[in-house]
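*Asks:* Dropping in data.tsv, with TSV, C-alpha atoms and all ligand atoms.
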chain	number	residue	atom	x	y	z
A	1	MET	CA	86.46	90.90	104.86
A	2	SER	CA	87.89	94.30	105.00
A	3	CYS	CA	90.95	97.45	106.13
A	4	PRO	CA	92.03	100.55	107.91
A	5	GLY	CA	90.98	99.31	106.68
A	6	SER	CA	90.29	97.33	103.85
A	7	GLY	CA	86.62	97.98	103.66
A	8	ASN	CA	84.08	95.37	104.27
A	9	GLY	CA	81.78	97.33	102.10
A	10	HIS	CA	78.14	96.61	102.55
A	11	ARG	CA	78.74	94.30	105.49
A	12	ARG	CA	79.50	97.28	107.62
A	13	GLN	CA	75.85	98.11	107.78
A	14	PHE	CA	75.78	95.50	110.52
A	15	ILE	CA	78.20	97.42	112.65
A	16	LYS	CA	76.86	98.34	116.04
A	17	THR	CA	78.85	101.22	117.33
A	18	THR	CA	80.09	100.66	120.83
A	19	THR	CA	80.96	103.75	122.78
A	20	ALA	CA	84.40	104.04	124.25
A	21	ALA	CA	82.94	104.18	127.72
A	22	THR	CA	81.03	100.95	127.22
A	23	ALA	CA	84.10	99.35	125.75
A	24	ALA	CA	86.29	100.37	128.64
A	25	ALA	CA	83.76	99.08	131.16
A	26	SER	CA	83.15	95.75	129.48
A	27	VAL	CA	86.81	94.92	129.14
A	28	ALA	CA	86.93	94.25	132.83
A	29	THR	CA	84.52	91.36	132.48
A	30	THR	CA	85.58	87.84	131.66
A	31	ALA	CA	85.32	86.57	128.10
A	32	SER	CA	81.89	87.68	127.13
A	33	GLY	CA	79.72	88.75	124.25
A	34	LYS	CA	81.37	88.20	120.92
A	35	ALA	CA	84.37	86.40	122.37
A	36	LYS	CA	82.25	83.88	124.22
A	37	ALA	CA	80.00	83.33	121.22
A	38	TYR	CA	83.00	82.72	119.01
A	39	GLN	CA	84.55	80.41	121.57
A	40	GLN	CA	81.34	78.40	121.94
A	41	ASP	CA	80.84	78.08	118.20
A	42	ASN	CA	84.41	77.44	117.20
A	43	GLY	CA	86.40	76.51	120.28
A	44	ALA	CA	89.51	78.39	121.34
A	45	ARG	CA	92.09	78.30	118.57
A	46	GLY	CA	95.83	78.08	118.79
A	47	ASP	CA	98.66	80.07	117.34
A	48	ASP	CA	98.46	78.10	114.08
A	49	ALA	CA	94.75	78.51	113.31
A	50	VAL	CA	95.56	81.12	110.67
A	51	PRO	CA	98.33	80.33	108.15
A	52	ARG	CA	101.55	82.26	108.60
A	53	ALA	CA	104.02	84.09	106.42
A	54	THR	CA	107.49	85.50	106.98
A	55	LEU	CA	107.27	89.27	106.99
A	56	GLY	CA	110.10	90.24	104.66
A	57	ARG	CA	113.42	91.22	106.15
A	58	THR	CA	111.97	91.30	109.66
A	59	GLY	CA	112.01	87.48	109.57
A	60	ALA	CA	108.97	87.54	111.88
A	61	SER	CA	106.43	84.76	111.47
A	62	VAL	CA	103.06	86.52	111.25
A	63	THR	CA	99.50	85.40	110.59
A	64	LYS	CA	98.56	86.34	107.07
A	65	LEU	CA	95.27	87.72	108.38
A	66	GLY	CA	95.65	90.86	110.48
A	67	MET	CA	93.03	92.81	112.38
A	68	GLY	CA	92.37	96.45	111.52
A	69	THR	CA	91.22	98.64	114.39
A	70	SER	CA	90.07	101.98	112.99
A	71	TRP	CA	86.56	101.57	114.37
A	72	ALA	CA	84.81	101.60	117.74
A	73	LEU	CA	86.58	98.45	118.79
A	74	SER	CA	84.90	96.25	121.38
A	75	PRO	CA	87.10	94.32	123.85
A	76	SER	CA	85.09	91.16	123.35
A	77	PHE	CA	85.64	91.36	119.62
A	78	VAL	CA	89.41	91.71	120.08
A	79	GLN	CA	89.30	88.66	122.31
A	80	ALA	CA	87.25	86.76	119.71
A	81	ALA	CA	89.87	87.55	117.08
A	82	LEU	CA	92.60	86.26	119.40
A	83	TYR	CA	90.60	83.06	120.02
A	84	ALA	CA	90.21	82.71	116.27
A	85	GLY	CA	93.99	82.69	115.90
A	86	VAL	CA	94.62	86.22	114.57
A	87	ARG	CA	98.06	87.26	115.80
A	88	TYR	CA	98.66	90.45	113.81
A	89	ILE	CA	97.05	93.67	115.02
A	90	ASP	CA	97.32	97.04	113.33
A	91	THR	CA	96.34	100.20	115.19
A	92	SER	CA	97.19	103.88	115.45
A	93	GLU	CA	97.17	106.68	117.96
A	94	SER	CA	94.53	108.37	115.82
A	95	TYR	CA	91.99	105.53	115.65
A	96	GLU	CA	88.91	106.47	117.63
A	97	ASN	CA	90.90	109.29	119.16
A	98	THR	CA	93.32	106.89	120.95
A	99	ASN	CA	90.59	104.55	122.22
A	100	SER	CA	91.58	101.68	119.92
A	101	GLU	CA	95.04	101.61	121.51
A	102	LYS	CA	93.48	101.72	124.98
A	103	VAL	CA	91.09	98.82	124.30
A	104	LEU	CA	93.88	96.73	122.78
A	105	GLY	CA	96.15	97.45	125.74
A	106	GLN	CA	93.48	96.34	128.20
A	107	VAL	CA	92.70	93.12	126.33
A	108	LEU	CA	96.31	92.14	125.67
A	109	GLU	CA	97.19	92.74	129.32
A	110	ARG	CA	94.21	90.81	130.63
A	111	THR	CA	94.66	87.86	128.26
A	112	LYS	CA	98.47	87.96	128.73
A	113	MET	CA	98.79	87.61	124.97
A	114	ARG	CA	100.94	90.64	124.22
A	115	ASP	CA	103.98	88.57	123.26
A	116	LYS	CA	101.95	86.28	121.01
A	117	VAL	CA	100.84	89.16	118.84
A	118	PHE	CA	102.69	91.19	116.19
A	119	LEU	CA	101.53	94.65	117.21
A	120	VAL	CA	101.79	97.70	114.96
A	121	THR	CA	100.95	101.28	115.85
A	122	LYS	CA	101.44	104.54	114.03
A	123	ASN	CA	102.54	108.10	114.52
A	124	SER	CA	99.74	110.16	113.00
A	125	LYS	CA	100.47	113.58	114.33
A	126	SER	CA	104.16	114.33	114.31
A	127	LYS	CA	105.26	115.99	111.13
A	128	ALA	CA	108.71	116.62	112.59
A	129	SER	CA	111.86	116.24	110.59
A	130	GLY	CA	115.55	117.04	110.96
A	131	ASP	CA	116.95	117.41	114.47
A	132	ASP	CA	113.44	117.66	115.94
A	133	ALA	CA	112.39	114.24	114.72
A	134	PRO	CA	113.97	111.86	117.30
A	135	LYS	CA	112.37	113.54	120.32
A	136	ALA	CA	109.04	114.11	118.57
A	137	TYR	CA	108.77	110.47	117.52
A	138	ARG	CA	109.92	109.18	120.93
A	139	ASP	CA	107.38	111.32	122.79
A	140	ARG	CA	104.47	110.22	120.64
A	141	LEU	CA	105.48	106.57	120.83
A	142	ASP	CA	105.77	106.72	124.61
A	143	GLU	CA	102.15	107.86	124.78
A	144	SER	CA	101.08	104.98	122.53
A	145	LEU	CA	103.05	102.46	124.60
A	146	ALA	CA	101.34	103.66	127.77
A	147	ARG	CA	97.91	103.21	126.20
A	148	LEU	CA	98.88	99.82	124.79
A	149	ARG	CA	100.24	98.76	128.22
A	150	THR	CA	103.44	97.43	126.72
A	151	ASP	CA	107.07	98.52	126.62
A	152	TYR	CA	107.52	97.82	122.91
A	153	VAL	CA	105.65	97.50	119.65
A	154	ASP	CA	106.72	95.16	116.90
A	155	ALA	CA	106.47	97.89	114.30
A	156	TYR	CA	106.02	101.64	114.34
A	157	TYR	CA	104.84	103.57	111.28
A	158	MET	CA	104.58	107.00	109.84
A	159	HIS	CA	100.81	106.99	109.41
A	160	GLY	CA	99.08	107.55	106.09
A	161	VAL	CA	101.92	109.33	104.34
A	162	GLY	CA	100.88	111.33	101.32
A	163	GLY	CA	102.04	114.23	99.22
A	164	PRO	CA	105.44	115.68	98.37
A	165	LYS	CA	106.19	117.07	101.85
A	166	GLU	CA	105.89	113.65	103.48
A	167	LEU	CA	107.89	112.12	100.68
A	168	ASP	CA	110.70	114.49	101.69
A	169	GLN	CA	110.14	113.51	105.32
A	170	LEU	CA	110.58	109.85	104.48
A	171	LYS	CA	113.97	110.65	102.95
A	172	ASP	CA	114.95	112.94	105.83
A	173	PRO	CA	118.02	111.76	107.80
A	174	GLY	CA	116.41	113.04	111.04
A	175	VAL	CA	113.40	110.76	110.57
A	176	LYS	CA	115.67	107.83	109.80
A	177	LYS	CA	117.61	108.60	112.97
A	178	ALA	CA	114.36	108.79	114.97
A	179	PHE	CA	113.38	105.24	113.99
A	180	GLU	CA	116.93	103.94	114.49
A	181	GLU	CA	117.03	105.36	118.01
A	182	LEU	CA	113.66	103.80	118.86
A	183	LYS	CA	114.99	100.44	117.68
A	184	LYS	CA	118.16	100.85	119.75
A	185	ALA	CA	116.10	101.72	122.82
A	186	GLY	CA	114.11	98.49	122.35
A	187	LYS	CA	110.83	100.42	121.99
A	188	ILE	CA	110.21	99.18	118.45
A	189	LYS	CA	111.49	96.20	116.51
A	190	TYR	CA	110.77	97.41	112.98
A	191	ALA	CA	109.92	100.61	111.16
A	192	GLY	CA	107.66	101.46	108.28
A	193	PHE	CA	104.77	103.51	106.97
A	194	SER	CA	101.24	103.20	105.68
A	195	CYS	CA	100.09	104.84	102.47
A	196	HIS	CA	97.10	105.00	100.17
A	197	ASP	CA	98.11	108.15	98.40
A	198	ALA	CA	98.40	108.96	94.74
A	199	LEU	CA	102.18	109.01	95.23
A	200	LEU	CA	102.23	105.42	96.49
A	201	VAL	CA	104.69	104.36	93.77
A	202	GLU	CA	107.08	107.16	94.72
A	203	PHE	CA	106.78	106.29	98.42
A	204	ILE	CA	107.54	102.61	97.77
A	205	ASN	CA	110.55	103.48	95.62
A	206	ALA	CA	111.81	105.93	98.25
A	207	ALA	CA	111.44	103.22	100.89
A	208	VAL	CA	113.67	100.89	98.89
A	209	ASP	CA	116.25	103.65	98.48
A	210	CYS	CA	116.26	105.08	102.00
A	211	GLY	CA	117.11	101.80	103.66
A	212	TRP	CA	115.37	102.18	107.03
A	213	VAL	CA	111.91	100.93	106.04
A	214	ASP	CA	111.31	97.31	107.07
A	215	GLN	CA	107.66	97.09	106.11
A	216	ILE	CA	104.96	98.99	104.24
A	217	MET	CA	101.19	98.85	104.59
A	218	LEU	CA	99.56	99.92	101.36
A	219	LYS	CA	96.15	100.13	99.76
A	220	TYR	CA	96.07	97.15	97.42
A	221	ASN	CA	93.21	95.24	95.88
A	222	PHE	CA	92.04	93.43	92.75
A	223	ARG	CA	91.40	96.75	91.02
A	224	ASP	CA	94.92	98.02	91.54
A	225	LYS	CA	96.40	95.37	89.27
A	226	ILE	CA	94.83	96.91	86.19
A	227	ASP	CA	96.86	99.48	84.22
A	228	ALA	CA	99.31	99.76	87.06
A	229	ALA	CA	102.71	99.05	85.58
A	230	GLY	CA	104.38	101.64	87.86
A	231	LEU	CA	102.92	100.11	91.00
A	232	GLU	CA	103.75	96.57	89.91
A	233	LYS	CA	107.37	97.56	89.25
A	234	ALA	CA	107.67	99.34	92.60
A	235	LEU	CA	106.20	96.33	94.41
A	236	ASP	CA	108.66	94.04	92.62
A	237	ARG	CA	111.49	96.29	93.79
A	238	ALA	CA	110.23	96.33	97.37
A	239	HIS	CA	109.79	92.57	97.35
A	240	LYS	CA	113.32	92.11	95.99
A	241	ALA	CA	114.62	94.38	98.76
A	242	ASN	CA	112.78	92.04	101.15
A	243	ILE	CA	110.58	94.80	102.58
A	244	GLY	CA	107.53	93.30	104.30
A	245	LEU	CA	104.32	94.14	102.42
A	246	ILE	CA	100.96	94.39	104.11
A	247	ALA	CA	97.79	95.07	102.14
A	248	MET	CA	94.84	97.13	103.33
A	249	LYS	CA	91.64	98.23	101.57
A	250	THR	CA	91.56	94.85	99.89
A	251	GLN	CA	87.85	94.97	99.11
A	252	GLY	CA	88.05	97.65	96.43
A	253	GLY	CA	84.59	98.89	97.35
A	254	ALA	CA	83.04	100.99	94.63
A	255	GLU	CA	81.71	104.41	95.59
A	256	VAL	CA	78.20	103.11	95.72
A	257	SER	CA	76.74	99.72	96.29
A	258	TYR	CA	75.00	98.25	93.26
A	259	PRO	CA	73.18	95.10	94.40
A	260	ASP	CA	71.75	94.58	90.92
A	261	ARG	CA	75.25	94.27	89.51
A	262	HIS	CA	76.03	91.76	92.20
A	263	ALA	CA	72.94	89.58	91.99
A	264	ASP	CA	74.04	87.30	89.12
A	265	TYR	CA	77.30	86.55	90.83
A	266	VAL	CA	75.66	85.81	94.16
A	267	GLN	CA	73.37	83.33	92.41
A	268	LYS	CA	76.46	81.54	91.16
A	269	GLY	CA	77.61	81.17	94.78
A	270	PHE	CA	80.22	83.91	94.40
A	271	LYS	CA	81.21	85.93	97.46
A	272	LYS	CA	83.02	89.00	96.27
A	273	GLU	CA	84.51	89.66	99.73
A	274	VAL	CA	86.10	86.21	99.88
A	275	ALA	CA	87.39	86.34	96.32
A	276	ALA	CA	88.84	89.85	96.89
A	277	ILE	CA	90.84	88.94	99.97
A	278	LYS	CA	92.04	85.64	98.49
A	279	THR	CA	93.21	87.51	95.38
A	280	VAL	CA	95.57	89.59	97.52
A	281	TRP	CA	96.84	86.53	99.38
A	282	ALA	CA	97.48	84.87	96.03
A	283	ASP	CA	100.05	87.58	95.30
A	284	PRO	CA	103.35	86.13	96.57
A	285	ARG	CA	104.66	89.64	97.39
A	286	MET	CA	101.93	90.31	99.98
A	287	GLN	CA	102.48	88.69	103.35
A	288	VAL	CA	99.59	90.07	105.41
A	289	VAL	CA	96.11	91.42	104.74
A	290	VAL	CA	94.90	93.79	107.43
A	291	SER	CA	91.15	93.46	107.45
A	292	GLU	CA	88.77	95.63	109.38
A	293	MET	CA	86.46	92.88	110.56
A	294	THR	CA	83.62	94.21	112.65
A	295	THR	CA	81.33	91.19	113.04
A	296	LEU	CA	81.85	87.58	114.04
A	297	SER	CA	80.64	86.59	110.63
A	298	ASP	CA	83.45	88.67	109.02
A	299	LEU	CA	85.93	87.05	111.35
A	300	ARG	CA	84.78	83.48	110.63
A	301	GLU	CA	84.67	84.12	106.90
A	302	ASN	CA	88.16	85.63	106.81
A	303	VAL	CA	89.73	82.93	108.96
A	304	ALA	CA	88.15	80.25	106.76
A	305	ALA	CA	89.28	82.08	103.60
A	306	SER	CA	92.85	82.28	104.88
A	307	ARG	CA	93.02	78.49	104.69
A	308	GLN	CA	91.66	78.16	101.16
A	309	PRO	CA	93.30	79.00	97.83
A	310	LEU	CA	91.64	81.28	95.31
A	311	THR	CA	89.74	79.16	92.79
A	312	ALA	CA	89.72	79.74	89.03
A	313	MET	CA	85.96	80.40	89.19
A	314	GLU	CA	86.36	83.03	91.94
A	315	SER	CA	89.07	84.70	89.93
A	316	LYS	CA	86.92	84.77	86.79
A	317	LEU	CA	83.82	86.11	88.53
A	318	LEU	CA	85.81	88.74	90.41
A	319	GLU	CA	87.24	89.99	87.12
A	320	GLN	CA	83.71	90.22	85.68
A	321	TYR	CA	82.61	92.11	88.78
A	322	ARG	CA	85.61	94.43	88.50
A	323	ALA	CA	84.88	95.21	84.87
A	324	SER	CA	81.20	95.92	85.53
A	325	THR	CA	81.93	98.33	88.38
A	326	ALA	CA	85.21	99.82	87.11
A	327	ASN	CA	83.79	103.26	86.44
A	328	LEU	CA	82.52	103.55	90.03
A	329	TYR	CA	85.83	103.02	91.78
A	330	CYS	CA	88.22	105.88	92.43
A	331	HIS	CA	91.83	104.70	92.27
A	332	GLY	CA	93.15	107.66	94.26
A	333	CYS	CA	95.25	108.96	91.35
A	334	GLY	CA	94.47	112.57	92.21
A	335	HIS	CA	97.44	113.90	90.25
A	336	LEU	CA	95.50	113.01	87.07
A	337	CYS	CA	92.28	114.92	87.72
A	338	GLU	CA	93.21	117.53	90.30
A	339	THR	CA	94.72	119.68	87.54
A	340	ALA	CA	91.08	120.39	86.60
A	341	SER	CA	89.56	120.50	90.06
A	342	LYS	CA	90.38	124.09	91.09
A	343	GLY	CA	91.90	123.03	94.38
A	344	VAL	CA	89.32	120.39	95.33
A	345	LYS	CA	91.09	117.32	96.74
A	346	VAL	CA	89.29	114.83	94.54
A	347	SER	CA	91.01	111.65	95.68
A	348	GLU	CA	90.51	112.46	99.38
A	349	VAL	CA	86.88	113.45	98.93
A	350	MET	CA	86.26	110.24	96.97
A	351	ARG	CA	87.90	108.22	99.72
A	352	TYR	CA	85.67	109.76	102.36
A	353	LEU	CA	82.64	109.12	100.16
A	354	ARG	CA	83.70	105.47	100.02
A	355	TYR	CA	84.02	105.38	103.81
A	356	TYR	CA	80.48	106.73	104.00
A	357	GLU	CA	78.81	104.63	101.34
A	358	ALA	CA	80.75	101.42	100.94
A	359	TYR	CA	82.13	100.99	104.47
A	360	GLY	CA	79.24	102.48	106.43
A	361	LYS	CA	81.61	104.71	108.45
A	362	ARG	CA	79.35	107.71	108.25
A	363	GLN	CA	80.48	109.68	111.26
A	364	ASN	CA	84.13	109.13	110.53
A	365	ALA	CA	83.64	110.11	106.87
A	366	ARG	CA	81.86	113.33	107.80
A	367	ALA	CA	84.52	114.26	110.34
A	368	LEU	CA	87.33	113.69	107.85
A	369	TYR	CA	85.54	115.65	105.12
A	370	GLN	CA	84.78	118.56	107.38
A	371	ALA	CA	88.41	118.68	108.54
A	372	LEU	CA	89.58	119.38	104.99
A	373	PRO	CA	90.55	123.01	104.31
A	374	ALA	CA	87.63	124.95	102.79
A	375	GLU	CA	89.33	125.26	99.39
A	376	ALA	CA	89.78	121.47	99.18
A	377	ARG	CA	85.97	121.01	99.24
A	378	MET	CA	84.83	124.13	97.39
A	379	MET	CA	82.45	122.60	94.85
A	380	ALA	CA	80.69	125.75	93.64
A	381	ASP	CA	83.05	126.61	90.77
A	382	LEU	CA	83.69	123.13	89.46
A	383	GLU	CA	83.78	122.73	85.70
A	384	VAL	CA	82.18	119.33	85.61
A	385	ASP	CA	82.85	118.50	81.94
A	386	LYS	CA	86.55	119.27	82.24
A	387	LEU	CA	86.80	117.34	85.46
A	388	ASP	CA	85.02	114.27	84.10
A	389	ALA	CA	87.24	114.33	81.04
A	390	ALA	CA	90.37	114.37	83.24
A	391	CYS	CA	89.55	111.01	84.81
A	392	PRO	CA	90.91	108.18	82.64
A	393	HIS	CA	88.77	105.66	84.53
A	394	GLY	CA	85.51	107.24	83.36
A	395	LEU	CA	84.15	108.23	86.77
A	396	PRO	CA	81.35	110.80	86.81
A	397	VAL	CA	83.67	112.92	88.98
A	398	GLY	CA	81.59	116.08	89.16
A	399	ASP	CA	78.44	114.23	90.20
A	400	LEU	CA	80.27	112.17	92.80
A	401	LEU	CA	81.94	115.23	94.31
A	402	LYS	CA	78.63	117.02	94.62
A	403	LYS	CA	77.08	113.94	96.16
A	404	ALA	CA	79.96	113.76	98.62
A	405	ASP	CA	79.44	117.38	99.58
A	406	ARG	CA	75.75	116.75	100.12
A	407	LEU	CA	76.29	113.67	102.29
A	408	LEU	CA	79.35	114.78	104.20
A	409	SER	CA	78.84	118.48	104.87
B	1	LIG	S1	88.44	110.66	90.01
B	1	LIG	FE1	89.51	109.44	88.48
B	1	LIG	S2	91.45	110.52	88.08
B	1	LIG	FE2	90.55	111.38	89.96
B	1	LIG	S3	91.54	110.26	91.60
B	1	LIG	FE3	89.62	109.15	91.14
B	1	LIG	S4	90.13	107.60	89.58
B	1	LIG	FE4	91.87	109.05	89.70
Can you give me the file's structure in the form of structure tokens?
*Replies:*
Amino acid sequence: MSCPGSGNGHRRQFIKTTTAATAAASVATTASGKAKAYQQDNGARGDDAVPRATLGRTGASVTKLGMGTSWALSPSFVQAALYAGVRYIDTSESYENTNSEKVLGQVLERTKMRDKVFLVTKNSKSKASGDDAPKAYRDRLDESLARLRTDYVDAYYMHGVGGPKELDQLKDPGVKKAFEELKKAGKIKYAGFSCHDALLVEFINAAVDCGWVDQIMLKYNFRDKIDAAGLEKALDRAHKANIGLIAMKTQGGAEVSYPDRHADYVQKGFKKEVAAIKTVWADPRMQVVVSEMTTLSDLRENVAASRQPLTAMESKLLEQYRASTANLYCHGCGHLCETASKGVKVSEVMRYLRYYEAYGKRQNARALYQALPAEARMMADLEVDKLDAACPHGLPVGDLLKKADRLLS
């Protein structure tokens, strides 16, 4: 199970990175590799192989399992997911430096399945607002459409919004106009944003108030339900406003993998990945989980899980697992500890450390860390005691930041 993705944690160690060049070349072949293996083992599946949900006010019928694509996507894997019945695909212009969009475009064109899929892409680069926004958004979308080999996407997002400036952007009439014009032109059906920022609650509330947001993709997992009255209230509001809600990062991977803490549960037949994704599906407000599946085994497990309810035993064991690893998971509430971090972007650094350790996305994690401004990763002057004391979740913040700097520099 996993995201842009909800992380598949330790299972990502099985990822074999496929270069973009290899991917582009192999797409021209007939169903091969992973797709063929999946087809042989499971048979081609229809549109109803994965249960569906109605995506909020969009009214669209979507599979409740979506595919995340922020990795070196292989064409045969995309095809395997389509065979398996996945009909919701989430991508972005920024994933693999536009290659994810290209691979998806090639596969959807070749399989002629574009219109069977609810396709989402995202504007990662334009920070335009006001009168500049409509053209900036249109230009970026046109580039995505060309790569995706389609003349429309089902939904277009502001990608990974975070911080006060982007909160203002969300409320900006020029941005609203940009999305409205794209809808009128038939280039997008719905509009939204993705967010895993500390200001998630504020972004969700602003979405309800600003009126143009049809759907939101947010970081949401079994850990986020604890001590999260603000988030729960905001989600209730969004649900009441009939905004479609899509969860990512559903695995809640702790910063480091602790097999010893896992062993007892595994002996009891507990699969944390299955219980974690089912827990999100059990929330009636969440219509889709976008999972960054990277192996056929992830795909099979997620498709099977989508057809089964969460059991009381899974729920109990997941709660025990959560409690025993709670002080290893960063909730991204940077506003709480960054008052003591002397400019270090704690929540972002922790996220990149999770990408590195729990998701196995080492290259990506290093690139993201190194792209931070120098002052956001200046660890030399940290006052570790103060910083640790500022985290209400009991994380050894200073140690983890130093570890991140060592691994990601
Ligand atoms: S270190 Fe603690 S306070 Fe800081 S963002 Fe993570 S969980 Fe929140």
*Asks:* Residues up to 9 Å from ligand LIG 1 (chain B), counting only C-alpha atoms and all ligand atoms: could you list those as a ChimeraX atom specification?
*Replies:* /A:198,327-338,345-348,350-351,387-388,390-398,400
*Asks:* Can you write just those residues out, C-alpha atoms, as an mmCIF file, in the frame of the given file?
*Replies:*
data_model
loop_
_atom_site.group_PDB
_atom_site.id
_atom_site.type_symbol
_atom_site.label_atom_id
_atom_site.label_comp_id
_atom_site.auth_asym_id
_atom_site.auth_seq_id
_atom_site.Cartn_x
_atom_site.Cartn_y
_atom_site.Cartn_z
ATOM 1 C CA ALA A 198 98.400 108.960 94.740
ATOM 2 C CA ASN A 327 83.790 103.260 86.440
ATOM 3 C CA LEU A 328 82.520 103.550 90.030
ATOM 4 C CA TYR A 329 85.830 103.020 91.780
ATOM 5 C CA CYS A 330 88.220 105.880 92.430
ATOM 6 C CA HIS A 331 91.830 104.700 92.270
ATOM 7 C CA GLY A 332 93.150 107.660 94.260
ATOM 8 C CA CYS A 333 95.250 108.960 91.350
ATOM 9 C CA GLY A 334 94.470 112.570 92.210
ATOM 10 C CA HIS A 335 97.440 113.900 90.250
ATOM 11 C CA LEU A 336 95.500 113.010 87.070
ATOM 12 C CA CYS A 337 92.280 114.920 87.720
ATOM 13 C CA GLU A 338 93.210 117.530 90.300
ATOM 14 C CA LYS A 345 91.090 117.320 96.740
ATOM 15 C CA VAL A 346 89.290 114.830 94.540
ATOM 16 C CA SER A 347 91.010 111.650 95.680
ATOM 17 C CA GLU A 348 90.510 112.460 99.380
ATOM 18 C CA MET A 350 86.260 110.240 96.970
ATOM 19 C CA ARG A 351 87.900 108.220 99.720
ATOM 20 C CA LEU A 387 86.800 117.340 85.460
ATOM 21 C CA ASP A 388 85.020 114.270 84.100
ATOM 22 C CA ALA A 390 90.370 114.370 83.240
ATOM 23 C CA CYS A 391 89.550 111.010 84.810
ATOM 24 C CA PRO A 392 90.910 108.180 82.640
ATOM 25 C CA HIS A 393 88.770 105.660 84.530
ATOM 26 C CA GLY A 394 85.510 107.240 83.360
ATOM 27 C CA LEU A 395 84.150 108.230 86.770
ATOM 28 C CA PRO A 396 81.350 110.800 86.810
ATOM 29 C CA VAL A 397 83.670 112.920 88.980
ATOM 30 C CA GLY A 398 81.590 116.080 89.160
ATOM 31 C CA LEU A 400 80.270 112.170 92.800
#
*Asks:* Can you pull out the residues contacting segment 48-51 of chain A? Cut-off 9 Å, using all atoms listed in the file, and skip same-chain residues under 3 positions away; I want them as JSON, numbers by chain.
*Replies:* {"A": [45, 62, 63, 64, 65, 84, 85, 86, 87, 303, 304, 306, 307]}
*Asks:* For atom CA of Asp47 of chain A and atom CA of Ala80 of chain A, determine how far apart the two atoms are, in Å to one decimal place.
*Replies:*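 Computing the Euclidean distance for atom CA of Asp47 of chain A and atom CA of Ala80 of chain A yields 13.4 Å.
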*Asks:* As JSON, numbers by chain, please: the residues near segment 133-140 of chain A (cut-off 10 Å, only C-alpha atoms, same-chain neighbours under 3 positions excluded).
*Replies:* {"A": [93, 122, 123, 124, 125, 126, 127, 128, 129, 130, 143, 144, 145, 156, 158, 169, 172, 173, 174, 175, 176, 177, 178, 179, 180, 181, 182, 185, 187]}
*Asks:* Using atom CA of Leu296 of chain A and atom CA of Tyr352 of chain A as the two end points, give the distance in Å to one decimal.
*Replies:*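 Computing the Euclidean distance for atom CA of Leu296 of chain A and atom CA of Tyr352 of chain A yields 25.4 Å.
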*Asks:* Provide the atom CA of Val349 of chain A to atom CA of Gln320 of chain A distance in Å, to one decimal place.
*Replies:* 26.9 Å
*Asks:* Using only C-alpha atoms, determine which residues lie at most 9 Å from Asn205 of chain A, disregarding the query and same-chain residues fewer than 6 positions distant; provide the list as a list in words.
*Replies:*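 Close residues of Asn205 of chain A: Ala234, Leu235, Arg237 and Ala238 of chain A.
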*Asks:* So, counting all atoms listed in the file, which residue among A:Ala155, A:Val289, A:Ala228, A:Leu108 is closest to Ala53 of chain A?
*Replies:*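 Looking at the shortest contact to Ala53 of chain A, the residue is A:Val289.
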*Asks:* Might you pull out every residue within 7 Å of segment 311-317 of chain A, with only C-alpha atoms counted and same-chain residues fewer than 2 positions away left off, and present them as a ChimeraX atom specification?
*Replies:* /A:265,270,275,309,319-321
*Asks:* A:Arg57, A:Arg114, A:Arg406, A:Arg147: which is nearest Gln79 of chain A, counting only C-alpha atoms?
*Replies:* A:Arg114
*Asks:* Tell me which of A:Ala365, A:Leu167, A:Leu299, A:Ala146 sits closest to Tyr83 of chain A, counting all atoms listed in the file.
*Replies:*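 Residue with the minimum atom-to-atom distance to Tyr83 of chain A: A:Leu299.
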*Asks:* Given all atoms listed in the file as the basis, pick out the residue of A:Cys210, A:Val344, A:Val161, A:Val78 nearest to Thr111 of chain A.
*Replies:*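 Closest residue, counting all atoms listed in the file: A:Val78.
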*Asks:* Under the rule that all atoms listed in the file are counted, which of A:Lys271, A:Asp224, A:Gln287, A:Gly253 is the nearest residue to Glu301 of chain A?
*Replies:*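 Looking only at the distances to Glu301 of chain A, the closest residue turns out to be A:Lys271.
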*Asks:* Could you tell me which of A:Ser92, A:Asn364, A:Gln308, A:Thr121 comes closest to Thr279 of chain A if we count only C-alpha atoms?
*Replies:* A:Gln308
*Asks:* Emit as lines of an AutoDock Vina configuration file the padded axis-aligned box for all listed atoms of segment 299-311 of chain A, 6 Å per side, with centre and edge lengths in Å to one decimal.
*Replies:*
center_x = 89.0
center_y = 82.6
center_z = 102.1
size_x = 20.6
size_y = 20.9
size_z = 30.6
*Asks:* Pull out segment 155-169 of chain A, keep C-alpha atoms, and write it as a compact mmCIF listing (two decimals), in the first residue's frame.
*Replies:*
# COMPACT_ATOMS: atom_id res chain seq x y z
CA ALA A 155 -9.08 17.44 -12.31
CA TYR A 156 -6.32 20.02 -12.12
CA TYR A 157 -4.66 20.97 -8.84
CA MET A 158 -2.47 23.53 -7.23
CA HIS A 159 0.28 21.14 -6.20
CA GLY A 160 1.43 20.71 -2.61
CA VAL A 161 0.18 24.03 -1.29
CA GLY A 162 1.80 25.11 1.94
CA GLY A 163 2.47 28.24 3.94
CA PRO A 164 0.72 31.58 4.28
CA LYS A 165 1.58 32.86 0.78
CA GLU A 166 -0.14 29.93 -0.92
CA LEU A 167 -3.06 30.26 1.45
CA ASP A 168 -3.48 33.79 0.09
CA GLN A 169 -3.14 32.41 -3.44
